[in-house]
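Have a look at run18.pdb; it's PDB, C-alpha atoms:
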ATOM      1  CA  MET J  96     134.875  79.419  99.636  1.00  0.00           C
ATOM      2  CA  ARG J  97     136.450  79.358  96.168  1.00  0.00           C
ATOM      3  CA  ASN J  98     139.047  81.926  95.127  1.00  0.00           C
ATOM      4  CA  GLY J  99     137.477  85.187  94.060  1.00  0.00           C
ATOM      5  CA  GLU J 100     134.169  84.650  95.880  1.00  0.00           C
ATOM      6  CA  PRO J 101     133.061  87.240  98.450  1.00  0.00           C
ATOM      7  CA  SER J 102     133.816  86.221 102.031  1.00  0.00           C
ATOM      8  CA  THR J 103     130.784  87.970 103.507  1.00  0.00           C
ATOM      9  CA  LEU J 104     127.072  87.930 102.754  1.00  0.00           C
ATOM     10  CA  THR J 105     125.180  91.067 101.853  1.00  0.00           C
ATOM     11  CA  ALA J 106     123.428  92.945 104.648  1.00  0.00           C
ATOM     12  CA  PHE J 107     120.073  91.637 103.395  1.00  0.00           C
ATOM     13  CA  ASP J 108     121.304  88.046 103.446  1.00  0.00           C
ATOM     14  CA  ASP J 109     122.645  88.524 106.955  1.00  0.00           C
ATOM     15  CA  LEU J 110     119.268  89.804 108.135  1.00  0.00           C
ATOM     16  CA  MET J 111     117.462  86.947 106.404  1.00  0.00           C
ATOM     17  CA  ASP J 112     119.771  84.390 108.013  1.00  0.00           C
ATOM     18  CA  ALA J 113     119.056  85.913 111.433  1.00  0.00           C
ATOM     19  CA  ALA J 114     115.329  85.816 110.697  1.00  0.00           C
ATOM     20  CA  GLU J 115     115.573  82.124 109.782  1.00  0.00           C
ATOM     21  CA  ARG J 116     117.104  81.404 113.176  1.00  0.00           C
ATOM     22  CA  ARG J 117     114.357  83.389 114.902  1.00  0.00           C
ATOM     23  CA  LEU J 118     111.708  81.434 113.004  1.00  0.00           C
ATOM     24  CA  ASP J 119     113.026  78.256 114.563  1.00  0.00           C
ATOM     25  CA  ARG J 120     112.077  79.653 117.972  1.00  0.00           C
ATOM     26  CA  LEU J 121     108.417  80.095 117.001  1.00  0.00           C
ATOM     27  CA  PRO J 122     105.661  77.461 117.424  1.00  0.00           C
ATOM     28  CA  LEU J 123     105.266  76.835 113.689  1.00  0.00           C
ATOM     29  CA  GLU J 124     102.899  74.096 112.526  1.00  0.00           C
ATOM     30  CA  ARG J 125     102.172  72.596 109.128  1.00  0.00           C
ATOM     31  CA  LEU J 126      98.667  73.583 108.034  1.00  0.00           C
ATOM     32  CA  ARG J 127      96.935  72.098 104.999  1.00  0.00           C
ATOM     33  CA  VAL J 128      94.806  74.648 103.177  1.00  0.00           C
ATOM     34  CA  GLN J 129      92.969  74.920  99.876  1.00  0.00           C
ATOM     35  CA  THR J 130      93.107  78.077  97.783  1.00  0.00           C
ATOM     36  CA  GLY J 131      93.621  79.099  94.189  1.00  0.00           C
ATOM     37  CA  GLY J 132      92.410  75.743  92.928  1.00  0.00           C
ATOM     38  CA  ARG J 133      94.963  73.570  94.702  1.00  0.00           C
ATOM     39  CA  ALA J 134      96.096  72.307  98.102  1.00  0.00           C
ATOM     40  CA  TRP J 135      99.032  73.847  99.970  1.00  0.00           C
ATOM     41  CA  VAL J 136     101.044  72.874 103.035  1.00  0.00           C
ATOM     42  CA  ILE J 137     101.813  76.075 104.908  1.00  0.00           C
ATOM     43  CA  ALA J 138     104.129  76.540 107.870  1.00  0.00           C
ATOM     44  CA  ALA J 139     102.476  79.068 110.175  1.00  0.00           C
ATOM     45  CA  VAL J 140     101.689  79.743 113.799  1.00  0.00           C
ATOM     46  CA  ARG J 141      98.210  78.434 114.545  1.00  0.00           C
ATOM     47  CA  ASP J 142      97.574  80.117 117.899  1.00  0.00           C
ATOM     48  CA  GLN J 143      98.053  83.862 118.397  1.00  0.00           C
ATOM     49  CA  ASP J 144      98.368  83.448 122.180  1.00  0.00           C
ATOM     50  CA  ARG J 145     101.330  81.105 121.716  1.00  0.00           C
ATOM     51  CA  LEU J 146     102.905  83.616 119.337  1.00  0.00           C
ATOM     52  CA  LEU J 147     102.473  86.400 121.901  1.00  0.00           C
ATOM     53  CA  ALA J 148     104.063  84.213 124.576  1.00  0.00           C
ATOM     54  CA  THR J 149     107.059  83.454 122.350  1.00  0.00           C
ATOM     55  CA  ALA J 150     107.660  86.738 120.537  1.00  0.00           C
ATOM     56  CA  GLY J 151     105.946  89.302 122.742  1.00  0.00           C
ATOM     57  CA  ASN J 152     108.998  91.593 122.846  1.00  0.00           C
ATOM     58  CA  TRP J 153     110.002  91.315 119.186  1.00  0.00           C
ATOM     59  CA  ALA J 154     109.959  94.507 117.154  1.00  0.00           C
ATOM     60  CA  PRO J 155     108.344  94.568 114.721  1.00  0.00           C
ATOM     61  CA  PHE J 156     105.989  91.924 116.099  1.00  0.00           C
ATOM     62  CA  PRO J 157     105.697  89.090 113.514  1.00  0.00           C
ATOM     63  CA  TYR J 158     101.916  88.974 113.068  1.00  0.00           C
ATOM     64  CA  GLY J 159     102.578  87.826 109.510  1.00  0.00           C
ATOM     65  CA  VAL J 160     103.556  84.320 110.629  1.00  0.00           C
ATOM     66  CA  LEU J 161      99.890  83.702 111.473  1.00  0.00           C
ATOM     67  CA  LEU J 162      97.734  82.476 108.591  1.00  0.00           C
ATOM     68  CA  TRP J 163      94.722  84.673 107.908  1.00  0.00           C
ATOM     69  CA  GLU J 164      91.499  83.744 106.058  1.00  0.00           C
ATOM     70  CA  SER J 165      91.911  86.877 103.937  1.00  0.00           C
ATOM     71  CA  ALA J 166      95.013  85.403 102.275  1.00  0.00           C
ATOM     72  CA  LEU J 167      93.089  82.349 101.111  1.00  0.00           C
ATOM     73  CA  VAL J 168      90.398  84.588  99.636  1.00  0.00           C
ATOM     74  CA  VAL J 169      93.012  86.496  97.618  1.00  0.00           C
ATOM     75  CA  GLY J 170      94.204  83.176  96.203  1.00  0.00           C
ATOM     76  CA  ASP J 171      90.691  82.161  95.189  1.00  0.00           C
ATOM     77  CA  VAL J 172      89.971  85.514  93.517  1.00  0.00           C
ATOM     78  CA  LEU J 173      93.236  85.363  91.572  1.00  0.00           C
ATOM     79  CA  ALA J 174      92.433  81.876  90.291  1.00  0.00           C
ATOM     80  CA  GLU J 175      88.854  82.781  89.382  1.00  0.00           C
ATOM     81  CA  GLY J 176      89.795  86.021  87.629  1.00  0.00           C
ATOM     82  CA  GLY J 177      92.530  84.663  85.402  1.00  0.00           C
ATOM     83  CA  PHE J 178      94.157  88.097  85.160  1.00  0.00           C
ATOM     84  CA  VAL J 179      97.645  87.442  86.553  1.00  0.00           C
ATOM     85  CA  ARG J 180      99.112  85.071  83.987  1.00  0.00           C
ATOM     86  CA  GLY J 181     102.146  86.867  82.562  1.00  0.00           C
ATOM     87  CA  ALA J 182     101.556  89.835  84.885  1.00  0.00           C
ATOM     88  CA  ASP J 183     103.952  91.609  87.226  1.00  0.00           C
ATOM     89  CA  VAL J 184     102.488  91.197  90.722  1.00  0.00           C
ATOM     90  CA  LEU J 185     103.509  92.866  93.977  1.00  0.00           C
ATOM     91  CA  GLU J 186     102.337  91.478  97.314  1.00  0.00           C
ATOM     92  CA  LEU J 187     102.148  93.856 100.273  1.00  0.00           C
ATOM     93  CA  GLY J 188     102.321  92.414 103.772  1.00  0.00           C
ATOM     94  CA  ALA J 189     103.077  88.967 102.394  1.00  0.00           C
ATOM     95  CA  GLY J 190     103.026  87.159 105.755  1.00  0.00           C
ATOM     96  CA  THR J 191     103.135  83.412 105.140  1.00  0.00           C
ATOM     97  CA  GLY J 192     103.289  84.039 101.385  1.00  0.00           C
ATOM     98  CA  VAL J 193     100.156  82.138 100.354  1.00  0.00           C
ATOM     99  CA  ALA J 194      98.624  84.752  98.056  1.00  0.00           C
ATOM    100  CA  GLY J 195     101.871  85.444  96.229  1.00  0.00           C
ATOM    101  CA  MET J 196     102.504  81.729  95.784  1.00  0.00           C
ATOM    102  CA  VAL J 197      99.088  81.333  94.171  1.00  0.00           C
ATOM    103  CA  ALA J 198      99.892  84.207  91.810  1.00  0.00           C
ATOM    104  CA  ALA J 199     103.236  82.627  90.895  1.00  0.00           C
ATOM    105  CA  GLY J 200     101.561  79.273  90.341  1.00  0.00           C
ATOM    106  CA  LEU J 201      99.142  80.981  87.962  1.00  0.00           C
ATOM    107  CA  GLY J 202     102.012  82.315  85.848  1.00  0.00           C
ATOM    108  CA  ALA J 203     102.732  85.730  87.373  1.00  0.00           C
ATOM    109  CA  ARG J 204     106.120  87.287  88.082  1.00  0.00           C
ATOM    110  CA  VAL J 205     105.873  87.951  91.800  1.00  0.00           C
ATOM    111  CA  VAL J 206     107.645  90.213  94.278  1.00  0.00           C
ATOM    112  CA  GLN J 207     106.660  89.669  97.918  1.00  0.00           C
ATOM    113  CA  THR J 208     107.251  92.398 100.495  1.00  0.00           C
ATOM    114  CA  ASP J 209     106.819  92.632 104.247  1.00  0.00           C
ATOM    115  CA  HIS J 210     108.259  94.851 106.986  1.00  0.00           C
ATOM    116  CA  SER J 211     109.150  91.710 108.995  1.00  0.00           C
ATOM    117  CA  PHE J 212     112.211  89.696 108.007  1.00  0.00           C
ATOM    118  CA  GLU J 213     110.666  86.705 109.809  1.00  0.00           C
ATOM    119  CA  ALA J 214     107.709  86.881 107.424  1.00  0.00           C
ATOM    120  CA  LEU J 215     110.006  87.096 104.401  1.00  0.00           C
ATOM    121  CA  ALA J 216     111.970  84.080 105.623  1.00  0.00           C
ATOM    122  CA  LEU J 217     108.695  82.201 106.085  1.00  0.00           C
ATOM    123  CA  CYS J 218     107.624  83.135 102.549  1.00  0.00           C
ATOM    124  CA  ARG J 219     110.809  81.531 101.260  1.00  0.00           C
ATOM    125  CA  ARG J 220     110.286  78.400 103.342  1.00  0.00           C
ATOM    126  CA  ASN J 221     106.706  77.968 102.201  1.00  0.00           C
ATOM    127  CA  ALA J 222     107.547  78.569  98.549  1.00  0.00           C
ATOM    128  CA  ALA J 223     110.268  75.913  98.675  1.00  0.00           C
ATOM    129  CA  ALA J 224     107.994  73.446 100.482  1.00  0.00           C
ATOM    130  CA  ASN J 225     105.319  73.830  97.811  1.00  0.00           C
ATOM    131  CA  GLY J 226     107.601  73.767  94.773  1.00  0.00           C
ATOM    132  CA  VAL J 227     107.106  77.443  93.896  1.00  0.00           C
ATOM    133  CA  THR J 228     110.135  79.073  92.287  1.00  0.00           C
ATOM    134  CA  GLY J 229     111.081  82.477  90.978  1.00  0.00           C
ATOM    135  CA  VAL J 230     109.414  84.597  93.674  1.00  0.00           C
ATOM    136  CA  VAL J 231     111.498  87.568  94.838  1.00  0.00           C
ATOM    137  CA  VAL J 232     111.284  88.725  98.470  1.00  0.00           C
ATOM    138  CA  ARG J 233     112.092  92.274  99.591  1.00  0.00           C
ATOM    139  CA  ARG J 234     111.567  94.261 102.746  1.00  0.00           C
ATOM    140  CA  GLY J 235     108.875  96.898 102.287  1.00  0.00           C
ATOM    141  CA  ASP J 236     108.008  99.777 104.621  1.00  0.00           C
ATOM    142  CA  TRP J 237     104.753 101.530 103.689  1.00  0.00           C
ATOM    143  CA  THR J 238     105.735 104.624 105.673  1.00  0.00           C
ATOM    144  CA  ASP J 239     108.978 104.987 103.693  1.00  0.00           C
ATOM    145  CA  TRP J 240     108.297 103.385 100.317  1.00  0.00           C
ATOM    146  CA  ALA J 241     111.412 103.638  98.161  1.00  0.00           C
ATOM    147  CA  GLU J 242     110.548 101.235  95.327  1.00  0.00           C
ATOM    148  CA  SER J 243     110.314 102.755  91.838  1.00  0.00           C
ATOM    149  CA  ALA J 244     109.021  99.641  90.050  1.00  0.00           C
ATOM    150  CA  VAL J 245     105.403  99.524  88.901  1.00  0.00           C
ATOM    151  CA  TYR J 246     103.174  96.450  88.633  1.00  0.00           C
ATOM    152  CA  ASP J 247     100.111  95.230  86.779  1.00  0.00           C
ATOM    153  CA  VAL J 248      98.531  93.931  89.992  1.00  0.00           C
ATOM    154  CA  VAL J 249      99.200  94.708  93.663  1.00  0.00           C
ATOM    155  CA  ILE J 250      97.707  92.314  96.202  1.00  0.00           C
ATOM    156  CA  GLY J 251      97.351  92.562  99.957  1.00  0.00           C
ATOM    157  CA  ALA J 252      95.567  90.305 102.440  1.00  0.00           C
ATOM    158  CA  ASP J 253      94.446  91.793 105.754  1.00  0.00           C
ATOM    159  CA  ILE J 254      96.621  94.901 105.450  1.00  0.00           C
ATOM    160  CA  LEU J 255      93.926  97.438 106.428  1.00  0.00           C
ATOM    161  CA  TYR J 256      94.210  96.764 110.150  1.00  0.00           C
ATOM    162  CA  GLU J 257      95.416 100.251 111.142  1.00  0.00           C
ATOM    163  CA  PRO J 258      93.527 103.373 109.962  1.00  0.00           C
ATOM    164  CA  ALA J 259      96.571 105.519 110.774  1.00  0.00           C
ATOM    165  CA  LEU J 260      98.390 103.754 107.905  1.00  0.00           C
ATOM    166  CA  TYR J 261      95.670 104.262 105.284  1.00  0.00           C
ATOM    167  CA  GLY J 262      97.382 107.304 103.796  1.00  0.00           C
ATOM    168  CA  ASP J 263     100.637 105.368 103.498  1.00  0.00           C
ATOM    169  CA  VAL J 264      98.936 102.377 101.856  1.00  0.00           C
ATOM    170  CA  LEU J 265      97.190 104.690  99.405  1.00  0.00           C
ATOM    171  CA  ARG J 266     100.503 106.339  98.498  1.00  0.00           C
ATOM    172  CA  VAL J 267     102.129 102.923  97.975  1.00  0.00           C
ATOM    173  CA  LEU J 268      99.324 101.859  95.653  1.00  0.00           C
ATOM    174  CA  GLY J 269      99.610 105.121  93.752  1.00  0.00           C
ATOM    175  CA  ALA J 270     103.338 104.552  93.292  1.00  0.00           C
ATOM    176  CA  ALA J 271     103.255 100.812  92.582  1.00  0.00           C
ATOM    177  CA  VAL J 272     100.203 100.217  90.370  1.00  0.00           C
ATOM    178  CA  ARG J 273     100.775 101.102  86.744  1.00  0.00           C
ATOM    179  CA  PRO J 274      98.075 103.146  84.944  1.00  0.00           C
ATOM    180  CA  GLY J 275      95.293 100.748  83.994  1.00  0.00           C
ATOM    181  CA  GLY J 276      96.466  98.237  86.608  1.00  0.00           C
ATOM    182  CA  MET J 277      94.641  97.066  89.682  1.00  0.00           C
ATOM    183  CA  ALA J 278      94.900  96.507  93.405  1.00  0.00           C
ATOM    184  CA  LEU J 279      93.240  93.491  95.026  1.00  0.00           C
ATOM    185  CA  LEU J 280      92.877  93.754  98.799  1.00  0.00           C
ATOM    186  CA  THR J 281      90.961  91.615 101.272  1.00  0.00           C
ATOM    187  CA  ASP J 282      89.848  92.511 104.768  1.00  0.00           C
ATOM    188  CA  PRO J 283      87.918  90.539 107.414  1.00  0.00           C
ATOM    189  CA  GLY J 284      84.965  92.925 107.539  1.00  0.00           C
ATOM    190  CA  ARG J 285      86.466  95.672 109.717  1.00  0.00           C
ATOM    191  CA  MET J 286      84.025  98.573 109.947  1.00  0.00           C
ATOM    192  CA  HIS J 287      86.736 101.197 109.521  1.00  0.00           C
ATOM    193  CA  SER J 288      88.020  99.683 106.246  1.00  0.00           C
ATOM    194  CA  ALA J 289      85.070 101.414 104.515  1.00  0.00           C
ATOM    195  CA  ARG J 290      86.980 104.640 105.090  1.00  0.00           C
ATOM    196  CA  PHE J 291      89.870 103.323 103.005  1.00  0.00           C
ATOM    197  CA  VAL J 292      87.452 102.453 100.194  1.00  0.00           C
ATOM    198  CA  ASP J 293      86.177 106.039 100.327  1.00  0.00           C
ATOM    199  CA  ASP J 294      89.774 107.297 100.179  1.00  0.00           C
ATOM    200  CA  LEU J 295      90.449 105.177  97.088  1.00  0.00           C
ATOM    201  CA  ARG J 296      87.400 106.538  95.306  1.00  0.00           C
ATOM    202  CA  ALA J 297      88.278 110.109  96.279  1.00  0.00           C
ATOM    203  CA  ALA J 298      91.748 109.553  94.767  1.00  0.00           C
ATOM    204  CA  GLY J 299      90.159 108.605  91.433  1.00  0.00           C
ATOM    205  CA  TRP J 300      90.284 104.809  91.599  1.00  0.00           C
ATOM    206  CA  GLY J 301      87.436 102.711  90.231  1.00  0.00           C
ATOM    207  CA  VAL J 302      86.434 100.486  93.140  1.00  0.00           C
ATOM    208  CA  ARG J 303      84.207  97.427  93.500  1.00  0.00           C
ATOM    209  CA  VAL J 304      83.620  95.701  96.835  1.00  0.00           C
ATOM    210  CA  ASP J 305      82.311  92.156  97.246  1.00  0.00           C
ATOM    211  CA  ARG J 306      81.805  90.127 100.418  1.00  0.00           C
ATOM    212  CA  ARG J 307      82.435  86.419 100.884  1.00  0.00           C
ATOM    213  CA  THR J 308      81.863  83.947 103.670  1.00  0.00           C
ATOM    214  CA  VAL J 309      84.766  81.530 104.161  1.00  0.00           C
ATOM    215  CA  ALA J 310      85.563  78.760 106.609  1.00  0.00           C
ATOM    216  CA  ALA J 311      87.405  79.969 109.699  1.00  0.00           C
ATOM    217  CA  LEU J 312      90.971  78.819 110.211  1.00  0.00           C
ATOM    218  CA  PRO J 313      92.273  77.335 113.479  1.00  0.00           C
ATOM    219  CA  PRO J 314      92.183  78.138 116.330  1.00  0.00           C
ATOM    220  CA  CYS J 315      88.603  79.244 115.615  1.00  0.00           C
ATOM    221  CA  THR J 316      85.823  76.724 116.169  1.00  0.00           C
ATOM    222  CA  VAL J 317      85.618  74.021 113.514  1.00  0.00           C
ATOM    223  CA  GLY J 318      82.669  74.797 111.273  1.00  0.00           C
ATOM    224  CA  GLY J 319      82.836  78.533 111.964  1.00  0.00           C
ATOM    225  CA  THR J 320      82.834  81.137 109.214  1.00  0.00           C
ATOM    226  CA  VAL J 321      84.414  84.540 108.633  1.00  0.00           C
ATOM    227  CA  TRP J 322      83.210  87.438 106.478  1.00  0.00           C
ATOM    228  CA  VAL J 323      85.915  88.743 104.139  1.00  0.00           C
ATOM    229  CA  ASP J 324      85.540  91.877 102.021  1.00  0.00           C
ATOM    230  CA  VAL J 325      87.154  91.774  98.568  1.00  0.00           C
ATOM    231  CA  ILE J 326      88.235  95.208  97.359  1.00  0.00           C
ATOM    232  CA  GLU J 327      89.111  95.475  93.653  1.00  0.00           C
ATOM    233  CA  ALA J 328      90.461  98.887  92.708  1.00  0.00           C
ATOM    234  CA  ARG J 329      91.371  99.902  89.167  1.00  0.00           C
ATOM    235  CA  ARG J 330      93.818 102.709  88.605  1.00  0.00           C
ATOM    236  CA  LEU J 331      92.268 104.714  85.819  1.00  0.00           C
ATOM    237  CA  ALA J 332      94.717 105.712  83.080  1.00  0.00           C
TER     238      ALA J 332
END

Would you mind writing the file out in structure tokens?
Amino acid sequence: MRNGEPSTLTAFDDLMDAAERRLDRLPLERLRVQTGGRAWVIAAVRDQDRLLATAGNWAPFPYGVLLWESALVVGDVLAEGGFVRGADVLELGAGTGVAGMVAAGLGARVVQTDHSFEALALCRRNAAANGVTGVVVRRGDWTDWAESAVYDVVIGADILYEPALYGDVLRVLGAAVRPGGMALLTDPGRMHSARFVDDLRAAGWGVRVDRRTVAALPPCTVGGTVWVDVIEARRLA
């Protein structure tokens, strides 16, 4: 420590350091995936059963360290659409960080949020491993959203897993998407996610839903496919 430098880390840095140490206890593997027009090497847990065995008593449980097909679909849509270059992008439920890294690679200014510090630490690891710089990570709680910043695009992969949180997610989008901006969400074909689409439309958003078939990730059977819904919602000015 040089003279004049603080002797302690901030509370956030302390929590991130602790999360890094907890990550080292998880069965992380290096997975090679293709999304957003390029290849990525992503550290993630491949097998949910192994994650449950290792972190079954963690709170919150770090589901985000699994890699979901929905995240790869977000990356592909961002690359195809060409609408994030120079944009301010917020990622909700960042998990392994893939979608936000694609956005950053396409020229966006990216903030990644997750309620799990382990996920945020993994986002940092994966960004560094893939040469992605400039991404900001912050803890984000949808039930107590305190951020005042607004963004051109808000992205979220597989965040519609709990209908009880739909009102909170809708409030976050209303607070975080600037007028005329958009939200891009993906979901693996859950039947109840149609209710969230209805809620968006009722709140005055312009919504378009597409469906894609993508290759399943391990540990699913090689050659298997997964349906992923792509929800594009425009906040009308």

_Excluding segment 176-187 of chain J and its own-chain neighbours fewer than 5 positions away, which residues fall within 8 Å of it when counting all atoms listed in the file? Please give them as number ranges by chain._
J: 194-195, 198, 201-209, 235, 246-252, 254

*Pull the neighbourhood of (86.3, 81.4, 104.1) for me: all residues within 7 Å in file coordinates, counting all atoms listed in the file, as number ranges by chain.*
J: 164, 168, 308-311, 320-321

*Write out as a list in words which residues come within 10 Å of Pro155 of chain J when counting all atoms listed in the file, dropping same-chain ones fewer than 5 positions away.*
Ala150, His210, Ser211, Phe212 and Glu213 of chain J

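With all atoms listed in the file as the atoms that count, the residue of J:Val227, J:Arg273, J:Ala222, J:Pro258 with the shortest distance to Val245 of chain J is J:Arg273.
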
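The two atoms in question, atom CA of Asp239 of chain J and atom CA of Glu257 of chain J, are spaced 16.2 Å apart.
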
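Closest to Pro157 of chain J among J:Arg303, J:His287, J:Arg125, J:Arg117 is J:Arg117, based on all atoms listed in the file.
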
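Each of J:Ala114, J:Val325, J:Leu121, J:Ala223 was compared to Ala148 of chain J using only C-alpha atoms, and J:Leu121 turns out to be the nearest.
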
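For the pair atom CA of Trp237 of chain J and atom CA of Asp263 of chain J, the interatomic distance is 5.6 Å.
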
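Closest approach to Asp109 of chain J among J:Ala216, J:Ala241, J:Leu312, J:Met286: J:Ala216, based on all atoms listed in the file.
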
*Expanded to explicit residues, what is the PyMOL selection byres ((chain J and resi 280) around 12) for this file, as a PyMOL selection string?*
chain J and resi 165-170+172-173+185-189+194+248-256+264-265+268+277-279+281-284+288+291-292+295+302-306+323-329

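For the pair atom CA of Gly192 of chain J and atom CA of Gly132 of chain J, the separation is 16.1 Å.
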
*Selected by the PyMOL selection byres ((chain J and resi 232) around 8) in the shown coordinates: which residues, as number ranges by chain?*
J: 206-208, 215, 218-219, 230-231, 233-234

Around all the atoms of segment 151-162 of chain J listed in the file, with 4 Å of room on each side, what axis-aligned box do you get, giving centre and edge lengths in Å to one decimal, as AutoDock Vina command-line options?
--center_x 103.9 --center_y 88.5 --center_z 115.7 --size_x 20.3 --size_y 20.1 --size_z 22.3

Can you translate the PyMOL selection byres ((chain J and resi 127) around 12) into the concrete residues it hits in this file, as an mmCIF file with C-alpha atoms, in the frame of the given file?
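Written output follows (part_37.cif):
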data_model
loop_
_atom_site.group_PDB
_atom_site.id
_atom_site.type_symbol
_atom_site.label_atom_id
_atom_site.label_comp_id
_atom_site.auth_asym_id
_atom_site.auth_seq_id
_atom_site.Cartn_x
_atom_site.Cartn_y
_atom_site.Cartn_z
ATOM 1 C CA GLU J 124 102.899 74.096 112.526
ATOM 2 C CA ARG J 125 102.172 72.596 109.128
ATOM 3 C CA LEU J 126 98.667 73.583 108.034
ATOM 4 C CA VAL J 128 94.806 74.648 103.177
ATOM 5 C CA GLN J 129 92.969 74.920 99.876
ATOM 6 C CA THR J 130 93.107 78.077 97.783
ATOM 7 C CA ARG J 133 94.963 73.570 94.702
ATOM 8 C CA ALA J 134 96.096 72.307 98.102
ATOM 9 C CA TRP J 135 99.032 73.847 99.970
ATOM 10 C CA VAL J 136 101.044 72.874 103.035
ATOM 11 C CA ILE J 137 101.813 76.075 104.908
ATOM 12 C CA ALA J 138 104.129 76.540 107.870
ATOM 13 C CA ALA J 139 102.476 79.068 110.175
ATOM 14 C CA ARG J 141 98.210 78.434 114.545
ATOM 15 C CA LEU J 162 97.734 82.476 108.591
ATOM 16 C CA LEU J 167 93.089 82.349 101.111
ATOM 17 C CA VAL J 193 100.156 82.138 100.354
ATOM 18 C CA ASN J 221 106.706 77.968 102.201
ATOM 19 C CA ASN J 225 105.319 73.830 97.811
ATOM 20 C CA LEU J 312 90.971 78.819 110.211
ATOM 21 C CA PRO J 313 92.273 77.335 113.479
#
